[in-house]
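Have a look at the structure below before the remarks.
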Amino acid sequence: MTRDPADEPIELHLPDGGRVIVTISDRITRDGDYATELVAVMVSANGSEPSVAATIREEAEDLGLDCTTNGRHPTVIRIGPSPTETH
């Protein structure tokens, strides 16, 4: 069985050699209005790996989503629904 391409992480390759990998953990978050906001931030964010990651994390948190980061290179961000939110 193959994975749906929509389930794959989004990899941002930055001009300075940095990389940020974003995984959206559930289909409702990925397919809903949140995805539009998150992708807009990913496309417009610029700077170093830590600053791009911080921008993405801030947007996720502003949207009320749960966000975890691994804290190493490449930066991996996992975004999903808030633990208190039910779909």
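How things are named: the first chain in the structure tokens is A, the next is B, and so on; residues count from 1 in each chain; ligands count from 1 in the order shown.
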
Test item: residues at most 12 Å from Pro81 of chain A, only C-alpha atoms, excluding those fewer than 4 positions along its chain, as a PDB file with N, CA and C atoms, in the first residue's frame:
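Done, and the output landed in out_36.pdb:
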```pdb
ATOM      1  N   ILE A  24       2.028  17.693   8.946  1.00  0.00           N
ATOM      2  CA  ILE A  24       0.704  18.012   9.492  1.00  0.00           C
ATOM      3  C   ILE A  24       0.049  16.668   9.775  1.00  0.00           C
ATOM      4  N   SER A  25      -0.219  16.441  11.062  1.00  0.00           N
ATOM      5  CA  SER A  25      -0.499  15.089  11.524  1.00  0.00           C
ATOM      6  C   SER A  25      -1.883  14.528  11.224  1.00  0.00           C
ATOM      7  N   ASP A  26      -2.839  15.356  10.877  1.00  0.00           N
ATOM      8  CA  ASP A  26      -4.154  14.785  10.619  1.00  0.00           C
ATOM      9  C   ASP A  26      -4.789  15.433   9.392  1.00  0.00           C
ATOM     10  N   ARG A  27      -5.623  14.675   8.731  1.00  0.00           N
ATOM     11  CA  ARG A  27      -6.227  15.104   7.466  1.00  0.00           C
ATOM     12  C   ARG A  27      -7.126  16.337   7.634  1.00  0.00           C
ATOM     13  N   ILE A  28      -7.828  16.457   8.737  1.00  0.00           N
ATOM     14  CA  ILE A  28      -8.724  17.600   8.927  1.00  0.00           C
ATOM     15  C   ILE A  28      -7.927  18.894   8.969  1.00  0.00           C
ATOM     16  N   THR A  29      -6.821  18.891   9.704  1.00  0.00           N
ATOM     17  CA  THR A  29      -5.967  20.084   9.744  1.00  0.00           C
ATOM     18  C   THR A  29      -5.347  20.328   8.380  1.00  0.00           C
ATOM     19  N   ARG A  30      -4.885  19.274   7.733  1.00  0.00           N
ATOM     20  CA  ARG A  30      -4.198  19.377   6.437  1.00  0.00           C
ATOM     21  C   ARG A  30      -5.131  19.848   5.330  1.00  0.00           C
ATOM     22  N   GLY A  32      -8.160  21.459   5.740  1.00  0.00           N
ATOM     23  CA  GLY A  32      -9.045  22.567   6.097  1.00  0.00           C
ATOM     24  C   GLY A  32      -8.419  23.928   5.880  1.00  0.00           C
ATOM     25  N   TYR A  34      -6.888  25.703   7.953  1.00  0.00           N
ATOM     26  CA  TYR A  34      -5.578  25.841   8.583  1.00  0.00           C
ATOM     27  C   TYR A  34      -4.465  25.647   7.565  1.00  0.00           C
ATOM     28  N   ALA A  35      -4.648  24.695   6.672  1.00  0.00           N
ATOM     29  CA  ALA A  35      -3.600  24.384   5.694  1.00  0.00           C
ATOM     30  C   ALA A  35      -3.274  25.597   4.836  1.00  0.00           C
ATOM     31  N   ALA A  60       1.195  28.356  13.686  1.00  0.00           N
ATOM     32  CA  ALA A  60       0.441  27.190  14.152  1.00  0.00           C
ATOM     33  C   ALA A  60      -0.191  27.477  15.516  1.00  0.00           C
ATOM     34  N   GLU A  61       0.587  28.065  16.408  1.00  0.00           N
ATOM     35  CA  GLU A  61       0.064  28.374  17.738  1.00  0.00           C
ATOM     36  C   GLU A  61      -1.028  29.442  17.674  1.00  0.00           C
ATOM     37  N   LEU A  63      -3.096  29.783  15.332  1.00  0.00           N
ATOM     38  CA  LEU A  63      -4.286  29.093  14.824  1.00  0.00           C
ATOM     39  C   LEU A  63      -4.878  28.130  15.855  1.00  0.00           C
ATOM     40  N   GLY A  64      -4.239  28.019  17.021  1.00  0.00           N
ATOM     41  CA  GLY A  64      -4.728  27.131  18.069  1.00  0.00           C
ATOM     42  C   GLY A  64      -4.343  25.681  17.866  1.00  0.00           C
ATOM     43  N   LEU A  65      -3.310  25.439  17.039  1.00  0.00           N
ATOM     44  CA  LEU A  65      -2.869  24.078  16.768  1.00  0.00           C
ATOM     45  C   LEU A  65      -1.736  23.685  17.706  1.00  0.00           C
ATOM     46  N   ASP A  66      -1.599  22.397  17.932  1.00  0.00           N
ATOM     47  CA  ASP A  66      -0.501  21.865  18.720  1.00  0.00           C
ATOM     48  C   ASP A  66       0.729  21.785  17.820  1.00  0.00           C
ATOM     49  N   CYS A  67       1.888  22.122  18.344  1.00  0.00           N
ATOM     50  CA  CYS A  67       3.089  22.171  17.529  1.00  0.00           C
ATOM     51  C   CYS A  67       4.274  21.696  18.353  1.00  0.00           C
ATOM     52  N   THR A  68       5.019  20.726  17.817  1.00  0.00           N
ATOM     53  CA  THR A  68       6.247  20.278  18.468  1.00  0.00           C
ATOM     54  C   THR A  68       7.392  20.376  17.474  1.00  0.00           C
ATOM     55  N   GLU A  85      -8.934  20.014  21.473  1.00  0.00           N
ATOM     56  CA  GLU A  85      -9.887  20.192  20.368  1.00  0.00           C
ATOM     57  C   GLU A  85     -10.377  18.836  19.867  1.00  0.00           C
ATOM     58  N   THR A  86     -11.655  18.759  19.610  1.00  0.00           N
ATOM     59  CA  THR A  86     -12.208  17.541  19.018  1.00  0.00           C
ATOM     60  C   THR A  86     -12.800  17.912  17.670  1.00  0.00           C
ATOM     61  N   HIS A  87     -12.660  17.040  16.712  1.00  0.00           N
ATOM     62  CA  HIS A  87     -13.190  17.297  15.366  1.00  0.00           C
ATOM     63  C   HIS A  87     -14.536  16.641  15.230  1.00  0.00           C
TER      64      HIS A  87
END
```

How far is it from atom CA of Val76 of chain A to atom CA of His13 of chain A, in Å with one decimal?
->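 Separation between atom CA of Val76 of chain A and atom CA of His13 of chain A: 12.3 Å.
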
Name the residues of chain A that fall into alpha helix (DSSP H) according to DSSP on the backbone, using the chain letters and numbers of this document, as a ChimeraX atom specification.
-> /A:27-31,33-44,49-62

Dump as a compact mmCIF listing (two decimals), in the first residue's frame, selection limited to N, CA and C atoms:
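Final output, saved to part.txt:
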```
# COMPACT_ATOMS: atom_id res chain seq x y z
N ARG A 27 -5.62 14.67 8.73
CA ARG A 27 -6.23 15.10 7.47
C ARG A 27 -7.13 16.34 7.63
N ILE A 28 -7.83 16.46 8.74
CA ILE A 28 -8.72 17.60 8.93
C ILE A 28 -7.93 18.89 8.97
N THR A 29 -6.82 18.89 9.70
CA THR A 29 -5.97 20.08 9.74
C THR A 29 -5.35 20.33 8.38
N ARG A 30 -4.89 19.27 7.73
CA ARG A 30 -4.20 19.38 6.44
C ARG A 30 -5.13 19.85 5.33
N ASP A 31 -6.38 19.41 5.34
CA ASP A 31 -7.31 19.73 4.26
C ASP A 31 -8.17 20.96 4.53
N ASP A 33 -9.07 24.93 6.45
CA ASP A 33 -8.61 26.30 6.32
C ASP A 33 -7.23 26.51 6.95
N TYR A 34 -6.89 25.70 7.95
CA TYR A 34 -5.58 25.84 8.58
C TYR A 34 -4.46 25.65 7.57
N ALA A 35 -4.65 24.69 6.67
CA ALA A 35 -3.60 24.38 5.69
C ALA A 35 -3.27 25.60 4.84
N THR A 36 -4.28 26.33 4.42
CA THR A 36 -4.06 27.53 3.60
C THR A 36 -3.19 28.53 4.34
N GLU A 37 -3.50 28.76 5.59
CA GLU A 37 -2.73 29.71 6.41
C GLU A 37 -1.30 29.21 6.62
N LEU A 38 -1.16 27.93 6.92
CA LEU A 38 0.18 27.38 7.17
C LEU A 38 1.05 27.42 5.92
N VAL A 39 0.49 27.05 4.78
CA VAL A 39 1.26 27.06 3.54
C VAL A 39 1.65 28.49 3.17
N ALA A 40 0.75 29.44 3.37
CA ALA A 40 1.08 30.84 3.08
C ALA A 40 2.28 31.29 3.90
N VAL A 41 2.33 30.90 5.15
CA VAL A 41 3.46 31.26 6.01
C VAL A 41 4.73 30.56 5.53
N MET A 42 4.62 29.29 5.16
CA MET A 42 5.79 28.55 4.69
C MET A 42 6.37 29.18 3.42
N VAL A 43 5.50 29.59 2.53
CA VAL A 43 5.95 30.16 1.26
C VAL A 43 6.58 31.54 1.48
N SER A 44 6.04 32.32 2.40
CA SER A 44 6.53 33.69 2.58
C SER A 44 7.65 33.81 3.61
N GLU A 49 17.24 28.83 9.27
CA GLU A 49 16.42 27.69 9.68
C GLU A 49 15.69 27.97 11.00
N PRO A 50 16.38 28.47 12.04
CA PRO A 50 15.66 28.74 13.30
C PRO A 50 14.57 29.81 13.15
N SER A 51 14.81 30.85 12.36
CA SER A 51 13.80 31.90 12.24
C SER A 51 12.60 31.44 11.41
N VAL A 52 12.83 30.66 10.37
CA VAL A 52 11.72 30.11 9.58
C VAL A 52 10.90 29.16 10.44
N ALA A 53 11.58 28.30 11.20
CA ALA A 53 10.87 27.37 12.08
C ALA A 53 10.05 28.13 13.11
N ALA A 54 10.61 29.18 13.67
CA ALA A 54 9.89 29.97 14.67
C ALA A 54 8.65 30.62 14.06
N THR A 55 8.76 31.12 12.85
CA THR A 55 7.62 31.74 12.16
C THR A 55 6.50 30.72 11.96
N ILE A 56 6.85 29.53 11.53
CA ILE A 56 5.85 28.47 11.31
C ILE A 56 5.21 28.06 12.63
N ARG A 57 6.02 27.89 13.67
CA ARG A 57 5.48 27.53 14.99
C ARG A 57 4.53 28.59 15.51
N GLU A 58 4.90 29.87 15.37
CA GLU A 58 4.04 30.96 15.83
C GLU A 58 2.70 30.95 15.12
N GLU A 59 2.72 30.73 13.80
CA GLU A 59 1.45 30.69 13.05
C GLU A 59 0.59 29.52 13.52
N ALA A 60 1.19 28.36 13.69
CA ALA A 60 0.44 27.19 14.15
C ALA A 60 -0.19 27.48 15.52
N GLU A 61 0.59 28.07 16.41
CA GLU A 61 0.06 28.37 17.74
C GLU A 61 -1.03 29.44 17.67
N ASP A 62 -0.86 30.44 16.79
CA ASP A 62 -1.90 31.47 16.61
C ASP A 62 -3.21 30.86 16.11
```

Strand (DSSP E or B) call set, DSSP backbone run, segment 6-49 of chain A, as a list in words |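 Restricting segment 6-49 of chain A to strand (DSSP E or B) produces Ile10, Glu11, Leu12, His13, Arg19, Val20, Ile21, Val22, Thr23 and Ile24 of chain A.
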
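Rounded to one decimal, atom CA of Gly80 of chain A and atom CA of Asp16 of chain A lie 27.9 Å from each other.
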
Could you check how far atom CA of Asp7 of chain A sits from atom CA of Val22 of chain A, in Å to one decimal?
->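 Between atom CA of Asp7 of chain A and atom CA of Val22 of chain A the gap works out to 11.0 Å.
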